[in-house]
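For reference, input.cif is printed below; it contains mmCIF, C-alpha atoms and all ligand atoms.
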```cif
data_coords
loop_
_atom_site.label_atom_id
_atom_site.label_comp_id
_atom_site.auth_asym_id
_atom_site.auth_seq_id
_atom_site.Cartn_x
_atom_site.Cartn_y
_atom_site.Cartn_z
CA MET J 101 8.41 -17.83 5.08
CA LYS J 102 10.96 -16.86 2.45
CA HIS J 103 11.85 -13.30 1.59
CA PHE J 104 13.68 -11.80 -1.37
CA ARG J 105 14.89 -8.31 -2.26
CA LYS J 106 16.44 -6.98 -5.45
CA GLU J 107 17.01 -3.59 -7.07
CA LEU J 108 16.57 -3.15 -10.83
CA TRP J 109 18.45 -0.21 -12.37
CA PHE J 110 17.38 1.90 -15.32
CA LYS J 111 18.91 4.79 -17.25
CA THR J 112 16.74 6.08 -20.06
CA SER J 113 18.19 8.02 -22.99
CA GLN J 114 15.21 10.39 -22.97
CA ARG J 115 13.69 12.50 -20.20
CA ARG J 116 10.49 10.44 -20.36
CA ASP J 117 10.02 6.79 -21.25
CA PHE J 118 7.94 3.73 -20.49
CA ILE J 119 9.74 0.40 -20.14
CA ASN J 120 8.01 -2.97 -19.89
CA ILE J 121 9.81 -4.64 -16.96
CA THR J 122 7.54 -7.69 -16.67
CA ASN J 123 10.23 -10.17 -17.73
CA GLN J 124 12.74 -8.72 -15.28
CA VAL J 125 10.21 -8.91 -12.45
CA GLN J 126 9.31 -12.50 -13.34
CA ALA J 127 13.06 -13.28 -13.33
CA CYS J 128 13.12 -12.02 -9.72
CA VAL J 129 10.30 -14.44 -8.87
CA ASN J 130 12.28 -17.27 -10.48
CA GLU J 131 15.45 -16.29 -8.62
CA SER J 132 13.58 -16.07 -5.30
CA GLY J 133 12.35 -19.66 -5.48
CA ILE J 134 9.03 -18.44 -4.05
CA HIS J 135 6.00 -20.22 -5.55
CA GLU J 136 3.15 -18.77 -3.50
CA GLY J 137 3.31 -15.23 -2.16
CA ILE J 138 3.10 -11.50 -2.70
CA LEU J 139 5.40 -9.27 -4.75
CA LEU J 140 5.84 -5.54 -4.24
CA CYS J 141 7.50 -3.54 -7.01
CA ASN J 142 8.07 0.18 -6.45
CA ALA J 143 10.01 3.05 -7.93
CA MET J 144 12.63 4.27 -5.46
CA HIS J 145 12.54 7.82 -6.84
CA ILE J 146 9.88 10.51 -6.60
CA THR J 147 10.02 11.33 -10.32
CA SER J 148 9.36 7.82 -11.68
CA SER J 149 6.55 5.28 -11.42
CA VAL J 150 5.78 1.61 -11.53
CA PHE J 151 2.33 0.77 -12.87
CA ILE J 152 0.39 -2.01 -14.59
CA ASN J 153 -1.30 -1.59 -17.93
CA ASP J 154 -1.44 -2.82 -21.52
CA ASP J 155 1.75 -3.02 -23.60
CA GLU J 156 0.21 -1.31 -26.62
CA SER J 157 2.18 1.46 -28.35
CA GLY J 158 -0.86 3.65 -29.04
CA LEU J 159 -1.85 3.56 -25.39
CA LEU J 160 1.68 4.40 -24.25
CA ASN J 161 1.64 7.43 -26.58
CA ASP J 162 -1.77 8.35 -25.16
CA PHE J 163 -0.30 8.30 -21.64
CA GLU J 164 2.48 10.66 -22.76
CA ILE J 165 0.01 13.09 -24.37
CA TRP J 166 -2.41 12.93 -21.43
CA LEU J 167 0.32 13.52 -18.86
CA GLU J 168 1.68 16.47 -20.85
CA LYS J 169 -1.81 18.02 -20.81
CA LEU J 170 -2.13 17.56 -17.06
CA ALA J 171 1.42 18.60 -16.12
CA PRO J 172 3.29 20.07 -19.10
CA GLU J 173 7.07 19.99 -18.80
CA LYS J 174 7.42 23.56 -20.10
CA PRO J 175 7.50 26.41 -19.39
CA TYR J 176 9.60 25.48 -16.38
CA SER J 177 8.73 28.84 -14.77
CA GLN J 178 5.07 27.79 -14.28
CA TYR J 179 6.03 25.65 -11.25
CA GLN J 180 7.09 26.86 -7.81
CA HIS J 181 9.27 23.73 -7.38
CA ASN J 182 11.47 24.69 -10.32
CA GLY J 183 14.45 26.93 -9.88
CA ALA J 184 17.37 24.83 -8.72
CA GLU J 185 15.54 21.94 -10.46
CA ASP J 186 13.40 21.70 -13.59
CA ASN J 187 11.45 18.57 -12.74
CA ALA J 188 8.22 19.71 -11.09
CA ASP J 189 6.24 18.15 -13.95
CA ALA J 190 7.98 14.82 -13.29
CA HIS J 191 6.91 14.83 -9.62
CA LEU J 192 3.31 15.48 -10.66
CA LYS J 193 3.34 12.82 -13.41
CA ARG J 194 4.79 10.29 -10.99
CA THR J 195 2.02 10.97 -8.48
CA ILE J 196 -0.68 10.34 -11.07
CA MET J 197 0.92 7.17 -12.44
CA GLY J 198 1.66 5.76 -9.01
CA ARG J 199 4.59 4.58 -6.93
CA GLU J 200 4.14 0.81 -6.84
CA VAL J 201 2.27 -2.32 -7.79
CA VAL J 202 1.49 -5.43 -5.75
CA VAL J 203 1.09 -8.70 -7.63
CA ALA J 204 0.13 -12.14 -6.34
CA ILE J 205 2.50 -15.00 -7.12
CA THR J 206 0.77 -18.29 -7.85
CA HIS J 207 2.58 -21.47 -8.89
CA GLY J 208 5.75 -19.41 -9.31
CA LYS J 209 4.22 -16.97 -11.82
CA LEU J 210 2.98 -13.37 -11.66
CA ASP J 211 -0.79 -13.91 -11.33
CA PHE J 212 -2.01 -11.35 -13.89
CA GLY J 213 -5.38 -10.56 -15.38
CA PRO J 214 -5.68 -10.36 -19.18
CA TRP J 215 -3.09 -8.07 -20.82
CA GLU J 216 -1.57 -6.90 -17.54
CA GLN J 217 2.08 -5.93 -17.85
CA ILE J 218 4.36 -4.09 -15.41
CA PHE J 219 5.91 -0.82 -16.57
CA TYR J 220 8.59 1.48 -15.29
CA GLY J 221 7.51 5.04 -16.04
CA GLU J 222 10.38 7.52 -16.24
CA PHE J 223 9.59 11.24 -16.07
CA ASP J 224 13.01 12.71 -15.31
CA GLY J 225 15.50 10.33 -16.86
CA LYS J 226 19.00 10.31 -18.38
CA ARG J 227 20.39 9.16 -15.03
CA ASN J 228 20.61 5.94 -13.04
CA LYS J 229 17.45 5.18 -11.09
CA ARG J 230 16.21 2.15 -9.16
CA VAL J 231 13.16 -0.04 -8.79
CA LEU J 232 12.76 -2.24 -5.72
CA VAL J 233 11.37 -5.77 -5.94
CA LYS J 234 10.40 -7.36 -2.62
CA ILE J 235 8.82 -10.80 -2.45
CA ILE J 236 7.53 -12.71 0.54
CA GLY J 237 6.00 -16.17 0.54
CA GLU J 238 6.99 -19.78 0.38
ZN ZN T 301 12.35 17.92 -7.93
#
```
Would you write the structure of this file as C-alpha cells?
Amino acid sequence: MKHFRKELWFKTSQRRDFINITNQVQACVNESGIHEGILLCNAMHITSSVFINDDESGLLNDFEIWLEKLAPEKPYSQYQHNGAEDNADAHLKRTIMGREVVVAITHGKLDFGPWEQIFYGEFDGKRNKRVLVKIIGE
C-alpha cells in the first residue's frame, strides 16, 4: 500500500472566505501516484473547515449569511470565549461546516458525485493556516 501526505497553506485577505481547493487536492492525487484509494482532507485549525459543496457564488453568499445568523461575529462581547481572542464565532462556524472530507480515488481521480467540489472555509483568516491531505491506496 502506498501512502502520501502533504500540507496546503492558505492566507486569506479577509477574515472569512471560501476557496475552491479541488484542483490542488487533485494535484496531490497526481503527485501521490495512487490510482485506487482513499483521500482524507482536513483543516488543521479549529477556526477553519474543509467541506464539499457546489461552486456557485449565490450559494457561497448564502453560506456566509446563514453562518452569520447562527453565529454572528459581533458583538464580540456576546461570547464567553472572547476576551484575549475575538474568534468565538469562527470556532462555532467551523464546527457547523465541518473539519474534513473523505473522498474515494478511482482511476487516479477524485470520485465525485455531480457538482461536488472541495472547499476550504476560512472563518478567522489573515494569517497562514494549513490543510492536511493524506492519501492511502495503491
Ligand atoms: Zn479562539
Test item: residues at most 8 Å from Asp117 (chain J), all atoms listed in the file, excluding those fewer than 6 positions along its chain, as a ChimeraX atom specification: /J:221-223,225
Closest-contact table, chain J side, partner ligand ZN 301 (chain T), 12 Å, counting all atoms listed in the file, as CSV:
```
residue,atom,partner,partner_atom,distance
J:His145,CA,T:ZN301,ZN,10.2
J:Ile146,CA,T:ZN301,ZN,7.9
J:Thr147,CA,T:ZN301,ZN,7.4
J:Ser148,CA,T:ZN301,ZN,11.2
J:Tyr176,CA,T:ZN301,ZN,11.7
J:Tyr179,CA,T:ZN301,ZN,10.5
J:Gln180,CA,T:ZN301,ZN,10.4
J:His181,CA,T:ZN301,ZN,6.6
J:Asn182,CA,T:ZN301,ZN,7.2
J:Gly183,CA,T:ZN301,ZN,9.5
J:Ala184,CA,T:ZN301,ZN,8.6
J:Glu185,CA,T:ZN301,ZN,5.7
J:Asp186,CA,T:ZN301,ZN,6.9
J:Asn187,CA,T:ZN301,ZN,4.9
J:Ala188,CA,T:ZN301,ZN,5.5
J:Asp189,CA,T:ZN301,ZN,8.6
J:Ala190,CA,T:ZN301,ZN,7.6
J:His191,CA,T:ZN301,ZN,6.5
J:Leu192,CA,T:ZN301,ZN,9.8
J:Lys193,CA,T:ZN301,ZN,11.7
J:Arg194,CA,T:ZN301,ZN,11.2
J:Phe223,CA,T:ZN301,ZN,10.9
J:Asp224,CA,T:ZN301,ZN,9.1
```
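Among J:Ile138, J:Leu232, J:Leu108, J:Val201, the residue with the shortest atom-to-atom distance to Gln124 (chain J), counting only C-alpha atoms, is J:Leu108.
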Selected residue, from J:Ile165, J:Val125, J:Ile205, J:Ala171, that lies nearest to Val233 (chain J) when counting all atoms listed in the file: J:Val125
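With CA of Asn153 (chain J) on one side and CA of Glu238 (chain J) on the other, the separation reads 27.1 Å.
Of the residues under consideration (J:Glu173, J:Lys226, J:Asn161, J:Asp155), J:Asp155 shows the shortest atom-to-atom contact distance to Pro214 (chain J) when counting all atoms listed in the file.
The space between CA of Lys111 (chain J) and CA of Phe219 (chain J) spans 14.2 Å.
Ranking J:Ser149, J:Ser132, J:Thr122, J:Ser177 by their shortest atom-to-atom distance to Ile196 (chain J), with only C-alpha atoms included, puts J:Ser149 first.
Minimum atom-to-atom distances from J:Val231, J:Met101, J:Leu140, J:Leu160 to Phe118 (chain J) were compared using all atoms listed in the file, and the lowest value belongs to J:Leu160.
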Distance query Arg199 (chain J) at most 6 Å, only C-alpha atoms, self and fewer than 6 positions along chain excluded, as a PyMOL selection string: chain J and resi 142-143+149-150
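With all atoms listed in the file as the basis for measurement, J:Asn228 is the residue among J:Asn228, J:Thr206, J:Thr195, J:Gln217 that approaches Arg115 (chain J) most closely.
The spacing separating CA of Val203 (chain J) from CA of Phe151 (chain J) amounts to 10.9 Å.
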